[in-house]
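Everything on this sheet refers to the single structure shown next.
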Amino acid sequence: MSKSRAEGFRWLWHYLSRHRRIFIPSLFALLFTAALALAFPWFLKDLIGSPVDALREGVDPVSVVSKVNKDVLYMLCALGLQSFIGFWRVQGFIRSGEAALNDLRKDLFDHLTSLPVSFFQEQATGSLSNRISSDLAVVRETLISTVPQAARQTVILIGGLVAVFYFSWKLSLMMLACVPFVVFAVAMIGRRVKSHTMASQDALANASTVVEEVCQAIADVKSYGNETYEQHRYAKSLKKFYDVTVSGARIRGFFLSFIIFVMFGTIAAVVWFGARMLAGNEITQLQFTAFILFSIFVGASLGSFPEIMTQISAMNGASERLRGVLEEPSERQGGDLLLQFKGELSLEGVTFRYPSRPEKEVLRGITFSARPGQRMALVGASGGGKSTIFSLLLGFYPAEKGEIRFDGRGINTLDLVKMRKQMALVPQEVMLFGGTIAENIGYGKPGADQLAIEDAARVANAHDFILAMPEGYQTLVGPRGVKLSGGQRQRVAIARAVLADPRILLLDEATSALDAESERLVNEALDRLMHGRTALVIAHRLSTVRNADKILVVHGGQIVESGTHEELMALAGTYRILVETQLI
Ligand SMILES: Nc1ncnc2c1ncn2[C@@H]1O[C@H](COP(=O)(O)OP(=O)(O)OP(=O)(O)O)[C@@H](O)[C@H]1O
Ligand SMILES: [Mg+2]
């Protein structure tokens with residue numbers, strides 16, 4: 001067994017061992033039922049073989065019948081016992097396996113939530129969760145089905161081999177002579193068959209991705225009239241799957257024909273040889289029958305091993321990837337609490353690059369500070385680095401150089417979770433969770449009661465539109481909040497922030513234009529929300545900018561101008577151009 005495979009099993013055992021009180025008895029029950037399974041050919045051989053021998057030796061037919069009756073009774077007892085124990089061991093395996101899997105799922109999820117934002121931004125989130133769930137499915141298959149199967153088949157194989165050798169060692173050796181041929185064929189051709197199988201699975205997965213994407217983005221597909229384009233794309237990926245599969249068909253066909261020829265050829269040869277031994281009185285009918293019956297069990301269990309091995313190597317890959325996720329370093333834990341936080345913040349010479357794009361300096365020496373309760377507007381062309389400043393303030397990434405401070409205390413000394421609780425972000429594109437409106441607002445402060453939720457909604461100018469909905473606060477917003485309009489979603493997000501009652505507000509103002517009435521309602525709500533808090537607003541509307549205590553013009557990762565509206569207009573620089581060209 002290779003090292004990594006052993007590690008994979010040790011890791012699985014770590015989860016299973018917590019449920020060993022169920023798992024180990026189930027494993028013993030399994031081994032016992034596997035051994036009992038061999039009772040079936042044992043009694044069958046007596047039923048088929050011994051009457052022939054007995055009659056040939058001139059035993060009284062009446063006593064032959066009574067022995068046959070007894071044998072069948074034993075057989076039924078063994079079958080009954082096997083079924084009874086089987087019933088319990090199946091449950092035991094499912095109980096311990098699923099419990100272990102749930103522990104693993106929980107560990108993975110807990111760890112995922114502890115990872116830094118950068119981990120998620122550096123990979124397509126869809127593929128991360130898909131990969132995790134398909135890897136978990138492989139581990140599940142291994143735990144619930146492959147491990148019991150492997151244990152069972154091993155017992156049957158060993159027991160069966162002992163039996164065939166006991167009844168006729170000569171025939172057994174003959175039968176086993178075919179094994180090297182099969183092993184040789186598997187070693188020579190099996191690898192190529194496997195790589196073709198994998199290539200065709202990949203091609204099929206690519207084709208399924210097309211289906212998945214189209215179902216997800218059906219509105220885009222239809223709005224661009226791209227149905228035919230997608231049909232072609234799918235047909236092309238199906239063709240590729242077909243080609244890959246067909247190119248492996250010859251080798252696959254040869255492999256199967258060879259194995260079938262060797263196996264059935266061996267059976268023919270062994271039976272032929274056995275029949276001659278029987279004729280020459282070298283073995284009895286009973287021995288011959290027993291040999292054939294046990295050989296069937298040996299053959300079937302040998303035949304199940306390639307699949308068990310394939311599943312184990314799939315488990316190996318899956319467990320390696322899952323362990324990789326679990327070993328990703330978590331965000332910094334612990335640190336000072338922000339007690340009696342006043343809401344002052346400052347950045348001093350902050351320089352930053354995204355880890356995924358180290359060649360581009362996104363922020364270059366950003367310096368500014370906000371006093372408690374001050375309202376700052378960040379303006380500037382797209383890509384200037386405004387949202388990045390927010391990400392750094394939230395501690396999603398560490399600054400490369402410079403200092404970020406809250407109430408004069410460096411961000412690196414603070415407890416990240418507690419620090420973020422002092423802030424609320426109302427993002428550009430509000431994404432809601434699929435629950436009710438009340439749950440979505442309550443997310444700002446888990447455990448808040450209905451009254452507090454309604455108060456927050458009133459402040460956010462959301463109460464009236466919520467009551468106008470058929471089920472009021474219990475209305476389901478649909479996946480990602482699709483059942484609400486843009487302005488309504490924003491007001492729900494504002495209500496959430498009101499409920500959270502943070503000292504610092506980070507608002508990424510929506511660029512999408514709202515109608516005049518919604519804009520008024522949203523602005524009013526924002527005004528109330530910002531009252532008495534330090535607010536940083538990435539502004540796209542002149543009305544917001546005018547009301548700010550201070551305006552920062554961010555361009556190319558630097559603050560190129562700062563001051564009030566009047567000061568900056570008088571300066572006749574970038575800000576004035578932005579205003580005059582109506583970019584804000
Ligand atoms: N996760 C990321 N990884 C790598 N580069 C990024 C990432 N996010 C943003 N950038 C880059 O950083 C720069 C600043 O982006 P940022 O989102 O801060 O701009 P912005 O000022 O908020 O723009 P907008 O007004 O369009 O929202 C851009 O050049 C962008 O391409
Ligand atoms: Mg932005």
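Going through the structure tokens in order, the chains are called A, B, and so on, while each chain numbers its residues from 1 and the ligands are numbered from 1 in the order shown.
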
At most 9 Å from ligand 1 (only C-alpha atoms and all ligand atoms): residue list as an MDAnalysis selection string: chainID A and resid 118 121:122 353:358 360:363 378:391 428 508 511 538:540 554:557

List the neighbours of range 435-437 of chain A out to 7 Å using only C-alpha atoms; skip same-chain residues closer than 3 positions along the sequence, and give me the result as an mmCIF file with C-alpha atoms, in the first residue's frame.
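Once written, part_35.cif looks like this:
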```
data_model
loop_
_atom_site.group_PDB
_atom_site.id
_atom_site.type_symbol
_atom_site.label_atom_id
_atom_site.label_comp_id
_atom_site.auth_asym_id
_atom_site.auth_seq_id
_atom_site.Cartn_x
_atom_site.Cartn_y
_atom_site.Cartn_z
ATOM 1 C CA ASN A 440 -32.583 38.786 5.862
ATOM 2 C CA ILE A 441 -32.864 41.864 8.035
ATOM 3 C CA TYR A 473 -42.128 40.085 6.787
ATOM 4 C CA GLN A 474 -42.527 36.364 6.113
ATOM 5 C CA THR A 475 -42.316 36.828 2.332
ATOM 6 C CA LEU A 476 -39.648 34.623 0.811
ATOM 7 C CA VAL A 477 -37.241 36.694 -1.253
#
```

Determine the nearest neighbour of ligand 2 from the options A:Leu507, A:Leu552, A:Ile453, A:Val545, counting only C-alpha atoms and all ligand atoms.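 Among the listed residues, the smallest separation from ligand 2 belongs to A:Leu507.
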
Any idea what's packed within 7 Å of range 566-583 of chain A, counting only C-alpha atoms, ignoring anything in its chain fewer than 2 positions away? Could you give it as a PyMOL selection string? chain A and resi 553+563-564

Excluding Ser330 in chain A and residues on its chain fewer than 3 positions from it, collect all residues at most 8 Å away from it, counting only C-alpha atoms, and give them as an MDAnalysis selection string. chainID A and resid 111 114:116 333

Neighbouring residues of range 239-255 of chain A were defined as those with any atom within 7 Å, considering only C-alpha atoms; residues of the same chain fewer than 6 positions away were excluded. Please report them as a compact mmCIF listing (two decimals) with C-alpha atoms, in the first residue's frame.
```txt
# COMPACT_ATOMS: atom_id res chain seq x y z
CA ILE A 189 -3.69 -3.14 -20.75
CA VAL A 193 -8.10 1.26 -20.37
CA HIS A 196 -9.24 6.18 -21.58
CA ALA A 199 -10.49 10.91 -20.36
CA SER A 200 -14.03 10.02 -21.33
CA ALA A 203 -15.13 14.86 -21.52
CA LEU A 204 -18.57 13.99 -20.18
```

Interatomic distance, CA of Phe264 in chain A to CA of Gly190 in chain A (Å, one decimal):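 Spanning CA of Phe264 in chain A to CA of Gly190 in chain A is a straight-line distance of 19.4 Å.
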
Give the answer as one residue: which of A:Ala39, A:Val68, A:Leu31, A:Leu339 has the shortest atom-to-atom distance to Gln153 in chain A, using only C-alpha atoms?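 Closest residue, counting only C-alpha atoms: A:Leu31.
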
Taking 5 positions as the minimum chain separation for residues in the same chain, which residues sit within 8 Å of Asp46 in chain A when counting only C-alpha atoms? Answer as a ChimeraX atom specification. /A:51,68,71,286

Can you list every residue in range 342-427 of chain A that DSSP puts in helix (DSSP H, G or I), as a PDB file with N, CA and C atoms, in the first residue's frame?
```pdb
ATOM      1  N   LYS A 386     -11.009  51.956  -4.984  1.00  0.00           N
ATOM      2  CA  LYS A 386     -11.919  52.347  -3.894  1.00  0.00           C
ATOM      3  C   LYS A 386     -12.421  51.125  -3.117  1.00  0.00           C
ATOM      4  N   SER A 387     -12.927  50.130  -3.849  1.00  0.00           N
ATOM      5  CA  SER A 387     -13.443  48.939  -3.156  1.00  0.00           C
ATOM      6  C   SER A 387     -12.316  48.214  -2.433  1.00  0.00           C
ATOM      7  N   THR A 388     -11.115  48.302  -2.986  1.00  0.00           N
ATOM      8  CA  THR A 388      -9.975  47.644  -2.348  1.00  0.00           C
ATOM      9  C   THR A 388      -9.709  48.255  -0.970  1.00  0.00           C
ATOM     10  N   ILE A 389      -9.874  49.579  -0.864  1.00  0.00           N
ATOM     11  CA  ILE A 389      -9.692  50.234   0.438  1.00  0.00           C
ATOM     12  C   ILE A 389     -10.668  49.635   1.452  1.00  0.00           C
ATOM     13  N   PHE A 390     -11.915  49.416   1.015  1.00  0.00           N
ATOM     14  CA  PHE A 390     -12.905  48.798   1.905  1.00  0.00           C
ATOM     15  C   PHE A 390     -12.453  47.400   2.344  1.00  0.00           C
ATOM     16  N   SER A 391     -11.949  46.622   1.372  1.00  0.00           N
ATOM     17  CA  SER A 391     -11.528  45.257   1.708  1.00  0.00           C
ATOM     18  C   SER A 391     -10.422  45.273   2.765  1.00  0.00           C
ATOM     19  N   LEU A 392      -9.528  46.258   2.645  1.00  0.00           N
ATOM     20  CA  LEU A 392      -8.435  46.333   3.619  1.00  0.00           C
ATOM     21  C   LEU A 392      -8.940  46.770   4.987  1.00  0.00           C
ATOM     22  N   LEU A 393      -9.904  47.701   4.984  1.00  0.00           N
ATOM     23  CA  LEU A 393     -10.469  48.146   6.258  1.00  0.00           C
ATOM     24  C   LEU A 393     -11.178  46.993   6.963  1.00  0.00           C
ATOM     25  N   ILE A 411      -4.542  47.529  13.132  1.00  0.00           N
ATOM     26  CA  ILE A 411      -5.488  46.475  12.758  1.00  0.00           C
ATOM     27  C   ILE A 411      -4.909  45.083  13.050  1.00  0.00           C
ATOM     28  N   ASN A 412      -3.576  44.965  12.980  1.00  0.00           N
ATOM     29  CA  ASN A 412      -2.966  43.644  13.175  1.00  0.00           C
ATOM     30  C   ASN A 412      -3.001  43.156  14.615  1.00  0.00           C
ATOM     31  N   THR A 413      -3.331  44.087  15.545  1.00  0.00           N
ATOM     32  CA  THR A 413      -3.395  43.657  16.941  1.00  0.00           C
ATOM     33  C   THR A 413      -4.828  43.353  17.361  1.00  0.00           C
ATOM     34  N   LEU A 416     -10.154  40.092  14.668  1.00  0.00           N
ATOM     35  CA  LEU A 416     -10.801  40.408  13.385  1.00  0.00           C
ATOM     36  C   LEU A 416     -12.328  40.338  13.470  1.00  0.00           C
ATOM     37  N   VAL A 417     -12.825  39.291  14.137  1.00  0.00           N
ATOM     38  CA  VAL A 417     -14.282  39.108  14.192  1.00  0.00           C
ATOM     39  C   VAL A 417     -14.933  40.260  14.952  1.00  0.00           C
ATOM     40  N   LYS A 418     -14.350  40.603  16.094  1.00  0.00           N
ATOM     41  CA  LYS A 418     -14.927  41.685  16.914  1.00  0.00           C
ATOM     42  C   LYS A 418     -14.808  43.019  16.196  1.00  0.00           C
ATOM     43  N   MET A 419     -13.684  43.216  15.514  1.00  0.00           N
ATOM     44  CA  MET A 419     -13.480  44.463  14.788  1.00  0.00           C
ATOM     45  C   MET A 419     -14.531  44.611  13.684  1.00  0.00           C
ATOM     46  N   ARG A 420     -14.769  43.505  12.938  1.00  0.00           N
ATOM     47  CA  ARG A 420     -15.732  43.591  11.836  1.00  0.00           C
ATOM     48  C   ARG A 420     -17.141  43.824  12.362  1.00  0.00           C
ATOM     49  N   LYS A 421     -17.401  43.351  13.588  1.00  0.00           N
ATOM     50  CA  LYS A 421     -18.740  43.581  14.166  1.00  0.00           C
ATOM     51  C   LYS A 421     -19.003  45.068  14.351  1.00  0.00           C
TER      52      LYS A 421
END
```

Which residues come within 6 Å of range 6-21 of chain A, counting only C-alpha atoms, excluding same-chain residues fewer than 3 positions away, as a VMD selection string? chain A and resid 3 24 96 100 316 319

Could you write out the selected residues, including N, CA and C atoms, as an mmCIF file, in the first residue's frame?
```
data_model
loop_
_atom_site.group_PDB
_atom_site.id
_atom_site.type_symbol
_atom_site.label_atom_id
_atom_site.label_comp_id
_atom_site.auth_asym_id
_atom_site.auth_seq_id
_atom_site.Cartn_x
_atom_site.Cartn_y
_atom_site.Cartn_z
ATOM 1 N N LYS A 3 2.215 5.130 0.449
ATOM 2 C CA LYS A 3 2.224 5.935 1.666
ATOM 3 C C LYS A 3 0.972 6.827 1.743
ATOM 4 N N ILE A 24 -16.973 -0.861 14.848
ATOM 5 C CA ILE A 24 -16.216 -2.107 15.029
ATOM 6 C C ILE A 24 -17.139 -3.320 15.175
ATOM 7 N N SER A 96 -22.627 4.580 11.448
ATOM 8 C CA SER A 96 -21.285 5.071 11.776
ATOM 9 C C SER A 96 -20.694 5.830 10.600
ATOM 10 N N ALA A 100 -19.748 9.758 10.695
ATOM 11 C CA ALA A 100 -18.368 10.188 10.450
ATOM 12 C C ALA A 100 -18.340 11.220 9.326
ATOM 13 N N ASN A 316 -8.511 7.994 -2.648
ATOM 14 C CA ASN A 316 -7.203 8.545 -2.354
ATOM 15 C C ASN A 316 -7.073 9.984 -2.846
ATOM 16 N N SER A 319 -9.541 12.272 -0.930
ATOM 17 C CA SER A 319 -9.158 12.595 0.444
ATOM 18 C C SER A 319 -7.958 13.537 0.441
#
```

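Here the residues within range 468-528 of chain A that DSSP labels strand (DSSP E or B) on the basis of the backbone are Leu476, Ile504, Leu505, Leu506, Leu507 and Asp508 of chain A.
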